[in-house]
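Here is the file coords_19.tsv (TSV, C-alpha atoms).
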chain	number	residue	atom	x	y	z
B	7	MET	CA	192.52	20.65	102.20
B	8	ILE	CA	189.64	19.14	104.15
B	9	MET	CA	191.24	15.68	104.00
B	10	LYS	CA	194.57	17.20	105.06
B	11	LEU	CA	192.81	18.89	107.97
B	12	PHE	CA	191.23	15.61	109.01
B	13	SER	CA	194.49	13.72	108.76
B	14	THR	CA	196.37	16.18	110.92
B	15	SER	CA	193.75	16.73	113.62
B	16	SER	CA	191.02	14.33	114.68
B	17	ARG	CA	189.68	17.13	116.86
B	18	SER	CA	189.27	19.33	113.79
B	19	ARG	CA	187.43	16.53	112.08
B	20	GLU	CA	185.04	16.23	115.03
B	21	ARG	CA	184.39	19.97	115.05
B	22	PHE	CA	183.73	19.89	111.31
B	23	LEU	CA	181.21	17.05	111.62
B	24	GLU	CA	179.60	18.74	114.62
B	25	ALA	CA	179.17	21.91	112.59
B	26	ILE	CA	177.46	19.95	109.83
B	27	LEU	CA	175.23	18.22	112.38
B	28	GLN	CA	174.13	21.47	114.03
B	29	SER	CA	173.65	23.36	110.76
B	30	ALA	CA	171.08	20.82	109.51
B	31	ILE	CA	168.30	22.75	111.24
B	32	GLU	CA	165.54	21.38	108.98
B	33	TYR	CA	166.29	17.86	110.19
B	34	ALA	CA	166.00	16.43	113.68
B	35	ILE	CA	169.08	14.21	114.12
B	36	ILE	CA	168.99	12.16	117.30
B	37	SER	CA	171.46	9.53	118.41
B	38	MET	CA	170.66	7.03	121.16
B	39	ASP	CA	172.28	4.08	122.88
B	40	LEU	CA	171.11	0.49	122.72
B	41	ASP	CA	168.56	1.18	125.47
B	42	GLY	CA	167.00	3.98	123.45
B	43	LEU	CA	168.37	6.79	125.65
B	44	VAL	CA	169.30	10.01	123.84
B	45	THR	CA	173.03	10.64	123.52
B	46	ASN	CA	173.01	13.48	120.99
B	47	TRP	CA	170.41	16.09	120.08
B	48	ASN	CA	171.07	18.56	117.28
B	49	GLU	CA	169.72	22.08	116.75
B	50	GLY	CA	167.16	20.79	114.25
B	51	ALA	CA	165.76	18.42	116.89
B	52	ARG	CA	165.45	21.33	119.32
B	53	ARG	CA	163.58	23.46	116.78
B	54	ILE	CA	161.27	20.71	115.57
B	55	LEU	CA	160.59	18.85	118.83
B	56	GLY	CA	160.94	21.62	121.42
B	57	TRP	CA	163.24	20.01	124.02
B	58	GLU	CA	166.55	21.65	124.84
B	59	GLU	CA	169.56	19.35	124.59
B	60	ALA	CA	170.13	19.47	128.35
B	61	GLU	CA	166.52	18.42	128.98
B	62	ILE	CA	166.57	15.36	126.78
B	63	ILE	CA	170.08	13.89	126.98
B	64	GLY	CA	169.91	10.65	128.93
B	65	LYS	CA	166.13	10.46	128.59
B	66	SER	CA	164.25	7.89	126.51
B	67	ALA	CA	163.69	8.85	122.87
B	68	ALA	CA	160.29	7.17	123.17
B	69	VAL	CA	158.85	10.54	124.31
B	70	ILE	CA	158.70	11.70	120.69
B	71	PHE	CA	156.39	8.81	119.69
B	72	THR	CA	152.61	8.78	120.12
B	73	GLN	CA	151.04	6.51	122.71
B	74	GLU	CA	149.39	4.55	119.93
B	75	ASP	CA	152.74	3.83	118.28
B	76	LEU	CA	154.38	2.95	121.60
B	77	GLN	CA	151.63	0.45	122.38
B	78	ALA	CA	152.00	-0.99	118.87
B	79	GLY	CA	155.75	-1.49	119.44
B	80	ILE	CA	156.78	0.85	116.60
B	81	VAL	CA	160.06	1.88	118.30
B	82	HIS	CA	161.25	-1.72	118.61
B	83	ARG	CA	160.18	-2.44	115.03
B	84	GLU	CA	162.26	0.46	113.74
B	85	MET	CA	165.29	-0.70	115.74
B	86	ALA	CA	164.87	-4.26	114.51
B	87	ALA	CA	164.61	-3.06	110.90
B	88	ALA	CA	167.70	-0.89	111.36
B	89	LEU	CA	169.65	-3.91	112.62
B	90	ALA	CA	168.38	-6.34	110.00
B	91	GLN	CA	168.20	-4.10	106.91
B	92	GLY	CA	170.41	-1.15	107.77
B	93	HIS	CA	167.52	1.28	108.18
B	94	GLY	CA	163.95	1.48	109.42
B	95	ASN	CA	161.63	3.82	107.55
B	96	ASP	CA	159.60	6.32	109.54
B	97	GLU	CA	156.39	7.98	108.27
B	98	ARG	CA	153.96	8.82	111.05
B	99	TRP	CA	152.75	11.31	113.63
B	100	HIS	CA	155.21	12.31	116.36
B	101	VAL	CA	154.90	14.33	119.57
B	102	ARG	CA	156.51	17.65	120.52
B	103	LYS	CA	157.40	18.77	124.04
B	104	ASP	CA	154.16	20.78	124.29
B	105	GLY	CA	152.12	17.68	123.42
B	106	SER	CA	151.20	18.80	119.90
B	107	ARG	CA	151.54	16.34	117.05
B	108	PHE	CA	153.36	16.74	113.78
B	109	TRP	CA	153.79	14.48	110.75
B	110	ALA	CA	157.37	13.46	110.08
B	111	SER	CA	159.21	11.22	107.67
B	112	GLY	CA	162.70	9.86	108.10
B	113	GLN	CA	164.75	6.83	109.02
B	114	MET	CA	166.38	5.03	111.94
B	115	MET	CA	169.82	3.52	111.34
B	116	ALA	CA	172.21	1.48	113.43
B	117	LEU	CA	175.42	3.08	114.70
B	118	THR	CA	178.40	0.72	114.61
B	119	SER	CA	181.94	0.92	115.99
B	120	ASP	CA	185.15	0.40	114.02
B	121	ASP	CA	184.79	-3.29	114.88
B	122	ASP	CA	181.25	-3.40	113.37
B	123	GLU	CA	179.72	-3.72	116.81
B	124	VAL	CA	176.33	-2.01	117.17
B	125	GLU	CA	176.67	0.84	119.67
B	126	GLY	CA	173.31	2.53	119.25
B	127	PHE	CA	171.00	4.15	116.75
B	128	VAL	CA	170.57	7.43	114.95
B	129	LYS	CA	167.13	8.73	114.04
B	130	ILE	CA	166.76	11.41	111.36
B	131	LEU	CA	163.38	12.97	110.66
B	132	ARG	CA	161.88	16.03	108.99
B	133	ASP	CA	158.66	17.88	109.74
B	134	HIS	CA	156.23	17.32	106.85
B	135	THR	CA	153.07	18.38	108.69
B	136	GLU	CA	152.04	21.03	106.16
B	137	GLN	CA	152.57	18.64	103.26
B	138	ARG	CA	150.51	16.01	105.06
B	139	LYS	CA	147.69	18.50	105.75
B	140	ASN	CA	147.73	19.60	102.11
B	141	GLU	CA	147.41	15.98	101.00
B	142	GLU	CA	144.52	15.46	103.42
B	143	ARG	CA	142.81	18.64	102.22
B	144	GLN	CA	143.24	17.53	98.63
B	145	HIS	CA	141.75	14.15	99.46
B	146	VAL	CA	138.77	15.80	101.17
B	147	LEU	CA	138.29	18.19	98.23
B	148	MET	CA	138.41	15.36	95.70
B	149	HIS	CA	135.89	13.39	97.75
B	150	GLU	CA	133.65	16.47	98.01
B	151	LEU	CA	133.98	17.16	94.29
B	152	SER	CA	132.99	13.58	93.51
B	153	HIS	CA	130.00	13.89	95.83
B	154	ARG	CA	128.89	17.16	94.23
B	155	MET	CA	129.25	15.78	90.71
B	156	LYS	CA	127.17	12.72	91.55
B	157	ASN	CA	124.62	14.90	93.29
B	158	THR	CA	124.42	17.28	90.33
B	159	LEU	CA	124.10	14.49	87.79
B	160	THR	CA	121.34	12.89	89.86
B	161	VAL	CA	119.42	16.17	89.96
B	162	VAL	CA	119.90	16.84	86.24
B	163	GLN	CA	118.79	13.31	85.41
B	164	ALA	CA	115.66	13.74	87.53
B	165	ILE	CA	114.93	17.16	86.00
B	166	THR	CA	115.21	15.72	82.50
B	167	SER	CA	113.12	12.66	83.24
B	168	GLN	CA	110.34	14.53	85.05
B	169	SER	CA	110.26	17.33	82.47
B	170	PHE	CA	109.66	14.85	79.66
B	171	ARG	CA	106.96	13.04	81.62
B	172	ASN	CA	105.04	16.25	82.30
B	173	ALA	CA	105.39	17.91	78.89
B	174	ASN	CA	102.93	17.87	76.01
B	175	SER	CA	105.63	18.21	73.36
B	176	LEU	CA	109.37	17.95	72.86
B	177	GLU	CA	109.57	21.71	72.49
B	178	GLU	CA	107.84	22.22	75.83
B	179	ALA	CA	110.11	19.66	77.47
B	180	GLU	CA	113.20	21.32	76.01
B	181	GLN	CA	112.17	24.73	77.34
B	182	ALA	CA	111.36	23.34	80.78
B	183	ILE	CA	114.63	21.41	81.04
B	184	SER	CA	116.66	24.42	79.89
B	185	ALA	CA	114.99	26.76	82.41
B	186	ARG	CA	115.34	24.34	85.33
B	187	ILE	CA	118.96	23.51	84.66
B	188	ASN	CA	119.69	27.22	84.19
B	189	ALA	CA	118.19	27.96	87.62
B	190	TYR	CA	120.24	25.15	89.13
B	191	ALA	CA	123.40	26.44	87.42
B	192	LYS	CA	122.79	29.98	88.70
B	193	ALA	CA	122.62	28.59	92.23
B	194	HIS	CA	125.94	26.84	91.66
B	195	ASP	CA	127.46	30.14	90.50
B	196	ILE	CA	126.29	31.84	93.69
B	197	LEU	CA	127.80	29.10	95.83
B	198	LEU	CA	131.10	29.16	93.94
B	199	GLN	CA	131.40	32.88	94.65
B	200	GLU	CA	131.19	32.01	98.35
B	201	ASN	CA	133.71	29.12	98.09
B	202	TRP	CA	130.80	26.68	98.37
B	203	LEU	CA	130.26	27.60	102.02
B	204	GLY	CA	126.64	28.62	101.46
B	205	THR	CA	124.68	31.80	100.82
B	206	THR	CA	121.73	33.75	102.19
B	207	MET	CA	118.02	33.24	101.69
B	208	ALA	CA	117.75	36.78	100.30
B	209	THR	CA	120.36	36.03	97.63
B	210	ILE	CA	118.49	32.93	96.44
B	211	VAL	CA	115.16	34.80	96.36
B	212	GLU	CA	116.74	37.67	94.44
B	213	ALA	CA	118.27	35.25	91.92
B	214	THR	CA	114.81	33.74	91.32
B	215	ALA	CA	113.37	37.17	90.52
B	216	VAL	CA	116.32	38.00	88.27
B	217	ASN	CA	115.91	34.75	86.32
B	218	LEU	CA	112.33	35.78	85.49
B	219	GLY	CA	113.23	39.42	84.80
B	220	LEU	CA	111.04	40.58	87.70
B	221	GLU	CA	113.71	42.00	90.02
B	222	THR	CA	112.50	45.61	89.59
B	223	SER	CA	108.81	44.99	88.87
B	224	GLY	CA	107.56	44.89	92.43
B	225	ARG	CA	105.62	41.72	91.59
B	226	ILE	CA	107.76	39.64	93.95
B	227	ARG	CA	107.93	41.14	97.44
B	228	ALA	CA	110.41	39.53	99.78
B	229	SER	CA	111.24	40.27	103.41
B	230	GLY	CA	113.07	38.55	106.21
B	231	PRO	CA	116.22	38.61	108.34
B	232	VAL	CA	119.65	37.43	107.22
B	233	VAL	CA	119.47	33.63	107.13
B	234	GLU	CA	122.46	31.57	106.06
B	235	LEU	CA	121.80	28.47	103.98
B	236	GLY	CA	124.20	25.58	103.47
B	237	PRO	CA	125.03	24.47	99.91
B	238	GLN	CA	122.38	21.74	99.65
B	239	ALA	CA	119.64	23.90	101.16
B	240	ALA	CA	120.56	26.74	98.79
B	241	LEU	CA	120.35	24.45	95.75
B	242	CYS	CA	117.08	23.03	97.01
B	243	PHE	CA	115.47	26.46	97.50
B	244	SER	CA	116.70	27.57	94.08
B	245	LEU	CA	114.88	24.72	92.36
B	246	VAL	CA	111.73	25.04	94.48
B	247	LEU	CA	111.44	28.82	94.06
B	248	HIS	CA	112.04	28.47	90.33
B	249	GLU	CA	109.17	25.98	90.05
B	250	LEU	CA	106.88	28.13	92.16
B	251	ALA	CA	107.71	31.23	90.11
B	252	ILE	CA	107.21	29.49	86.76
B	253	ASN	CA	103.93	28.04	87.97
B	254	ALA	CA	102.79	31.47	89.20
B	255	HIS	CA	103.81	33.02	85.88
B	256	LYS	CA	101.83	30.46	83.87
B	257	TYR	CA	98.79	29.84	86.03
B	258	GLY	CA	98.95	31.85	89.24
B	259	ALA	CA	99.38	35.37	90.55
B	260	LEU	CA	102.06	36.36	88.04
B	261	SER	CA	99.87	35.35	85.10
B	262	VAL	CA	97.80	38.54	85.48
B	263	ASP	CA	98.87	42.16	85.84
B	264	THR	CA	97.31	42.60	89.28
B	265	GLY	CA	98.87	39.59	90.99
B	266	THR	CA	101.87	39.55	93.32
B	267	VAL	CA	103.90	37.04	95.27
B	268	LYS	CA	104.83	37.60	98.90
B	269	ILE	CA	107.88	35.75	100.20
B	270	GLU	CA	108.43	36.10	103.93
B	271	TRP	CA	110.68	34.30	106.33
B	272	SER	CA	111.45	34.69	110.01
B	273	VAL	CA	113.46	32.96	112.73
B	274	ARG	CA	112.05	31.94	116.08
B	275	HIS	CA	113.46	30.22	119.15
B	276	ALA	CA	111.69	27.09	120.31
B	277	ALA	CA	112.98	24.88	123.11
B	278	GLY	CA	116.54	26.08	122.61
B	279	ASP	CA	116.35	25.48	118.87
B	280	GLU	CA	116.32	28.12	116.14
B	281	ARG	CA	113.68	27.44	113.51
B	282	LEU	CA	112.92	29.03	110.16
B	283	SER	CA	109.38	29.88	109.11
B	284	PHE	CA	109.17	30.40	105.36
B	285	ILE	CA	106.04	31.41	103.43
B	286	TRP	CA	105.34	31.79	99.72
B	287	GLN	CA	101.93	33.38	99.19
B	288	GLU	CA	100.28	34.36	95.93
B	289	VAL	CA	97.63	37.10	95.91
B	290	GLY	CA	95.60	38.86	93.25
B	291	GLY	CA	95.73	36.03	90.74
B	292	PRO	CA	93.08	33.71	89.25
B	293	ALA	CA	90.97	31.59	91.59
B	294	VAL	CA	92.83	28.45	92.60
B	295	GLU	CA	91.53	24.90	92.75
B	296	THR	CA	93.27	21.84	94.13
B	297	PRO	CA	94.85	19.91	91.21
B	298	ASN	CA	93.60	16.42	90.42
B	299	LYS	CA	97.13	15.02	90.08
B	300	LYS	CA	100.54	15.94	91.31
B	301	GLY	CA	102.85	17.65	88.86
B	302	PHE	CA	106.61	17.97	88.82
B	303	GLY	CA	106.56	20.96	91.19
B	304	THR	CA	104.55	19.16	93.85
B	305	ARG	CA	106.94	16.21	93.84
B	306	LEU	CA	109.89	18.59	93.91
B	307	VAL	CA	108.57	20.47	96.95
B	308	SER	CA	107.56	17.31	98.78
B	309	SER	CA	110.76	15.36	98.21
B	310	SER	CA	113.31	18.16	98.58
B	311	LEU	CA	112.06	20.74	101.10
B	312	SER	CA	110.58	18.01	103.29
B	313	ALA	CA	114.11	16.71	103.79
B	314	PHE	CA	114.76	19.84	105.85
B	315	GLY	CA	111.48	20.33	107.71
B	316	GLU	CA	107.68	20.30	107.65
B	317	VAL	CA	106.13	21.45	104.36
B	318	SER	CA	102.56	22.29	103.46
B	319	LEU	CA	100.93	23.37	100.19
B	320	ASP	CA	97.53	25.05	100.52
B	321	TYR	CA	95.43	25.64	97.40
B	322	VAL	CA	93.22	28.37	98.85
B	323	PRO	CA	90.99	30.17	96.31
B	324	THR	CA	92.81	33.48	96.79
B	325	GLY	CA	96.19	32.02	95.91
B	326	LEU	CA	98.66	29.21	96.46
B	327	ILE	CA	100.44	29.20	99.83
B	328	LEU	CA	103.61	27.23	100.61
B	329	ARG	CA	104.82	26.99	104.20
B	330	LEU	CA	108.05	25.51	105.54
B	331	ASP	CA	108.99	25.07	109.18
B	332	ALA	CA	112.55	23.80	109.58
B	333	PRO	CA	115.44	23.87	112.07
B	334	LEU	CA	118.10	26.36	111.04
B	335	GLN	CA	120.86	23.96	112.01
B	336	LYS	CA	119.68	21.54	109.35
B	337	LEU	CA	119.37	24.23	106.69
B	338	ARG	CA	122.84	25.54	107.41
B	339	TYR	CA	124.94	22.42	107.64
B	340	LYS	CA	123.08	19.23	106.78
B	341	ASN	CA	124.59	17.70	103.65
B	342	LEU	CA	121.43	16.29	102.13
B	343	ILE	CA	121.05	15.15	98.55
B	344	VAL	CA	118.20	16.88	96.75
B	345	GLU	CA	115.82	14.23	95.51
B	346	LEU	CA	113.20	15.28	93.01
B	347	GLY	CA	110.73	12.45	93.39
B	348	THR	CA	109.45	10.10	90.72
B	349	SER	CA	106.25	9.30	88.97
B	350	SER	CA	105.24	6.08	87.32
B	351	PRO	CA	105.94	5.82	83.57
B	352	GLU	CA	102.25	5.21	83.00
B	353	GLN	CA	101.25	8.66	84.29
B	354	LYS	CA	100.02	10.86	81.42
B	355	PRO	CA	100.15	14.67	81.44
B	356	LEU	CA	96.76	16.36	81.70
B	357	PRO	CA	95.36	18.22	78.68
B	358	GLU	CA	96.08	21.95	78.84
B	359	SER	CA	92.38	22.75	79.29
B	360	LYS	CA	92.21	20.69	82.51
B	361	ARG	CA	95.37	21.95	84.15
B	362	ARG	CA	94.91	24.03	87.28
B	363	HIS	CA	98.01	24.90	89.23
B	364	PRO	CA	99.89	21.78	88.10
B	365	ILE	CA	102.37	22.35	90.87

Would you give me this structure, written as structure tokens?
Amino acid sequence: MIMKLFSTSSRSRERFLEAILQSAIEYAIISMDLDGLVTNWNEGARRILGWEEAEIIGKSAAVIFTQEDLQAGIVHREMAAALAQGHGNDERWHVRKDGSRFWASGQMMALTSDDDEVEGFVKILRDHTEQRKNEERQHVLMHELSHRMKNTLTVVQAITSQSFRNANSLEEAEQAISARINAYAKAHDILLQENWLGTTMATIVEATAVNLGLETSGRIRASGPVVELGPQAALCFSLVLHELAINAHKYGALSVDTGTVKIEWSVRHAAGDERLSFIWQEVGGPAVETPNKKGFGTRLVSSSLSAFGEVSLDYVPTGLILRLDAPLQKLRYKNLIVELGTSSPEQKPLPESKRRHPI
């Protein structure tokens, strides 16, 4: 019946094709003459590109291309490809009436007369902006995942290596490695709950107390305002606080019933910059002496926290004191790799009787 309709009325055929053209609202279908001036503009083109048909007819179709593509001669390349090969593929950013950009894919084809004379071109494109953004997000996520995996493996490798170098036995090394990796894994769990956007200082401190079973003992007293930490800073603090807590439990304030640990942090404004002051202070424990050699904890503090700010370790007789002064901006957003420091293979662990605050 359709063929009969076409054969009896060319006008009916034109109306039928026009209806198809206008109903393809997901596609911008644009015809132009040999000079690139728009001769037809369907409903899909209006919806996707923003111009009304009356606004764009007779105007150059170049307005839908970016300035970069115009300078690179993309329009002429597409026309040349359409003439030579029958079509010119299109996969790039385009411009709407309001100046916004969108990613589109499509083709440009030559329009010919009944005598095979080229009369113009037709450009068909579809908005694939969301698909393009999804692909870009996926690429970024894969890159970030690769970065995190490499970072994690580097930290685990350093933990394993340093734990073996500072242990007196395989059993001691195994326990140390297990505890350190567990603390690192708990920090990852916290970050995953927050979509890896970061967490608060209070959350990391609380996790340290929980890992040691001291969350309700009152032995670890923490206070400070809400301070957001970026992922790398959160991981760094998790490892450092774990080392400090283990050291305090073995040799410091937490090794006796009367000792406590005070963890305090505050934020101050200095020259238009917000800075964090963080203090770990042990009180009520055994008398402290400066260690003869640096242990794993000292290297960890020096090489990781110092990446964010100024760090000091004071071995005062009344108890170990750690201080950190760092810009908040760096703690929140800087994507730094936690480096745990190294020691020479020749370094031997001290006998147990000579160890004093091996951190």

Notebook entry, point to check: Excluding same-chain residues fewer than 3 positions from Phe243 in chain B, what lies within 8 Å of it counting only C-alpha atoms, as a list in words?
Noted result: Ile210, Ala239, Ala240, Val246, Leu247 and Leu311 of chain B

Distance query Val233 in chain B at most 8 Å, only C-alpha atoms, self and fewer than 3 positions along chain excluded, as a list in words: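 Everything that qualifies: Thr206, Met207 and Ala208 of chain B.
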
Item to complete: For Leu40 in chain B, please output as a count of residues only all residues within 9 Å (counting only C-alpha atoms; exclusion window: fewer than 5 positions along the same chain).
Response: 4

Exercise. Please indicate the distance in Å from CA of Val162 in chain B to CA of Gly303 in chain B, rounded to one decimal place.
Key: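 Distance between the two atoms: 14.8 Å.
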
Within 7 Å of range 279-287 of chain B, counting all atoms listed in the file, which residues show up once you throw out same-chain ones fewer than 5 positions away? Write them as a list in words, please.
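Neighbouring residues, sequence-local ones excluded: Val267, Lys268, Ile269, Glu270, Trp271, Ser272, Val273, Arg274, Gly325, Leu326, Ile327, Leu328, Arg329, Leu330, Asp331, Ala332, Pro333 and Leu334 of chain B.
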
Enumerate, as a list of chain:residue names, the protein, DNA and RNA residues whose atoms approach (93.8, 35.6, 86.3) to within 12 Å, taking into account only C-alpha atoms and the coordinate frame of the file.
->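 Result, sorted by chain then residue number: B:Ala254, B:His255, B:Lys256, B:Tyr257, B:Gly258, B:Ala259, B:Leu260, B:Ser261, B:Val262, B:Asp263, B:Thr264, B:Gly265, B:Thr266, B:Glu288, B:Val289, B:Gly290, B:Gly291, B:Pro292, B:Ala293, B:Val294, B:Pro323, B:Thr324, B:Gly325, B:Arg362, B:His363.
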
Residue with the minimum atom-to-atom distance to Ala164 in chain B, picked from B:Arg143, B:Arg305, B:Arg132, B:Arg138 with all atoms listed in the file counted, is B:Arg305

*asked:* Applying 12 Å and all atoms listed in the file, which residues near Glu212 in chain B remain after dropping the ones on its own chain fewer than 6 positions away? List them as a list in words.
replied: Ala189, Lys192, Ala193, Ile196, Thr205, Thr206, Leu218, Gly219, Leu220, Glu221, Thr222, Gly224, Ile226, Arg227, Ala228, Ser229, Phe243, Ser244, Leu247, His248, Ala251 and Ile269 of chain B

Generate a file of the selected residues that holds C-alpha atoms, formatted as a PDB file, in the coordinates of the input.
ATOM      1  CA  ALA B 189     118.190  27.960  87.620  1.00  0.00           C
ATOM      2  CA  LYS B 192     122.790  29.980  88.700  1.00  0.00           C
ATOM      3  CA  ALA B 193     122.620  28.590  92.230  1.00  0.00           C
ATOM      4  CA  ILE B 196     126.290  31.840  93.690  1.00  0.00           C
ATOM      5  CA  THR B 205     124.680  31.800 100.820  1.00  0.00           C
ATOM      6  CA  THR B 206     121.730  33.750 102.190  1.00  0.00           C
ATOM      7  CA  LEU B 218     112.330  35.780  85.490  1.00  0.00           C
ATOM      8  CA  GLY B 219     113.230  39.420  84.800  1.00  0.00           C
ATOM      9  CA  LEU B 220     111.040  40.580  87.700  1.00  0.00           C
ATOM     10  CA  GLU B 221     113.710  42.000  90.020  1.00  0.00           C
ATOM     11  CA  THR B 222     112.500  45.610  89.590  1.00  0.00           C
ATOM     12  CA  GLY B 224     107.560  44.890  92.430  1.00  0.00           C
ATOM     13  CA  ILE B 226     107.760  39.640  93.950  1.00  0.00           C
ATOM     14  CA  ARG B 227     107.930  41.140  97.440  1.00  0.00           C
ATOM     15  CA  ALA B 228     110.410  39.530  99.780  1.00  0.00           C
ATOM     16  CA  SER B 229     111.240  40.270 103.410  1.00  0.00           C
ATOM     17  CA  PHE B 243     115.470  26.460  97.500  1.00  0.00           C
ATOM     18  CA  SER B 244     116.700  27.570  94.080  1.00  0.00           C
ATOM     19  CA  LEU B 247     111.440  28.820  94.060  1.00  0.00           C
ATOM     20  CA  HIS B 248     112.040  28.470  90.330  1.00  0.00           C
ATOM     21  CA  ALA B 251     107.710  31.230  90.110  1.00  0.00           C
ATOM     22  CA  ILE B 269     107.880  35.750 100.200  1.00  0.00           C
TER      23      ILE B 269
END

N, CA and C atoms modelled onto range 83-98 of chain B, as an mmCIF file, in the frame of the given file:
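And here's selection_11.cif as it stands now:
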data_model
loop_
_atom_site.group_PDB
_atom_site.id
_atom_site.type_symbol
_atom_site.label_atom_id
_atom_site.label_comp_id
_atom_site.auth_asym_id
_atom_site.auth_seq_id
_atom_site.Cartn_x
_atom_site.Cartn_y
_atom_site.Cartn_z
ATOM 1 N N ARG B 83 160.204 -2.021 116.431
ATOM 2 C CA ARG B 83 160.180 -2.440 115.030
ATOM 3 C C ARG B 83 161.211 -1.665 114.215
ATOM 4 N N GLU B 84 161.292 -0.360 114.458
ATOM 5 C CA GLU B 84 162.260 0.460 113.740
ATOM 6 C C GLU B 84 163.692 0.023 114.061
ATOM 7 N N MET B 85 163.952 -0.243 115.334
ATOM 8 C CA MET B 85 165.290 -0.700 115.740
ATOM 9 C C MET B 85 165.622 -2.036 115.095
ATOM 10 N N ALA B 86 164.643 -2.940 115.097
ATOM 11 C CA ALA B 86 164.870 -4.260 114.510
ATOM 12 C C ALA B 86 165.137 -4.139 113.014
ATOM 13 N N ALA B 87 164.398 -3.263 112.333
ATOM 14 C CA ALA B 87 164.610 -3.060 110.900
ATOM 15 C C ALA B 87 165.974 -2.439 110.632
ATOM 16 N N ALA B 88 166.382 -1.519 111.512
ATOM 17 C CA ALA B 88 167.700 -0.890 111.360
ATOM 18 C C ALA B 88 168.814 -1.916 111.501
ATOM 19 N N LEU B 89 168.648 -2.877 112.412
ATOM 20 C CA LEU B 89 169.650 -3.910 112.620
ATOM 21 C C LEU B 89 169.665 -4.923 111.479
ATOM 22 N N ALA B 90 168.469 -5.292 111.013
ATOM 23 C CA ALA B 90 168.380 -6.340 110.000
ATOM 24 C C ALA B 90 168.614 -5.816 108.581
ATOM 25 N N GLN B 91 168.148 -4.607 108.285
ATOM 26 C CA GLN B 91 168.200 -4.100 106.910
ATOM 27 C C GLN B 91 169.081 -2.867 106.746
ATOM 28 N N GLY B 92 169.567 -2.339 107.841
ATOM 29 C CA GLY B 92 170.410 -1.150 107.770
ATOM 30 C C GLY B 92 169.649 0.130 108.039
ATOM 31 N N HIS B 93 168.322 0.087 107.903
ATOM 32 C CA HIS B 93 167.520 1.280 108.180
ATOM 33 C C HIS B 93 166.060 0.867 108.406
ATOM 34 N N GLY B 94 165.376 1.673 109.199
ATOM 35 C CA GLY B 94 163.950 1.480 109.420
ATOM 36 C C GLY B 94 163.216 2.746 109.020
ATOM 37 N N ASN B 95 162.332 2.648 108.048
ATOM 38 C CA ASN B 95 161.630 3.820 107.550
ATOM 39 C C ASN B 95 160.624 4.343 108.570
ATOM 40 N N ASP B 96 160.444 5.653 108.556
ATOM 41 C CA ASP B 96 159.600 6.320 109.540
ATOM 42 C C ASP B 96 158.687 7.312 108.829
ATOM 43 N N GLU B 97 157.373 7.099 108.915
ATOM 44 C CA GLU B 97 156.390 7.980 108.270
ATOM 45 C C GLU B 97 155.144 7.955 109.118
ATOM 46 N N ARG B 98 155.090 8.856 110.106
ATOM 47 C CA ARG B 98 153.960 8.820 111.050
ATOM 48 C C ARG B 98 153.911 10.111 111.864
#
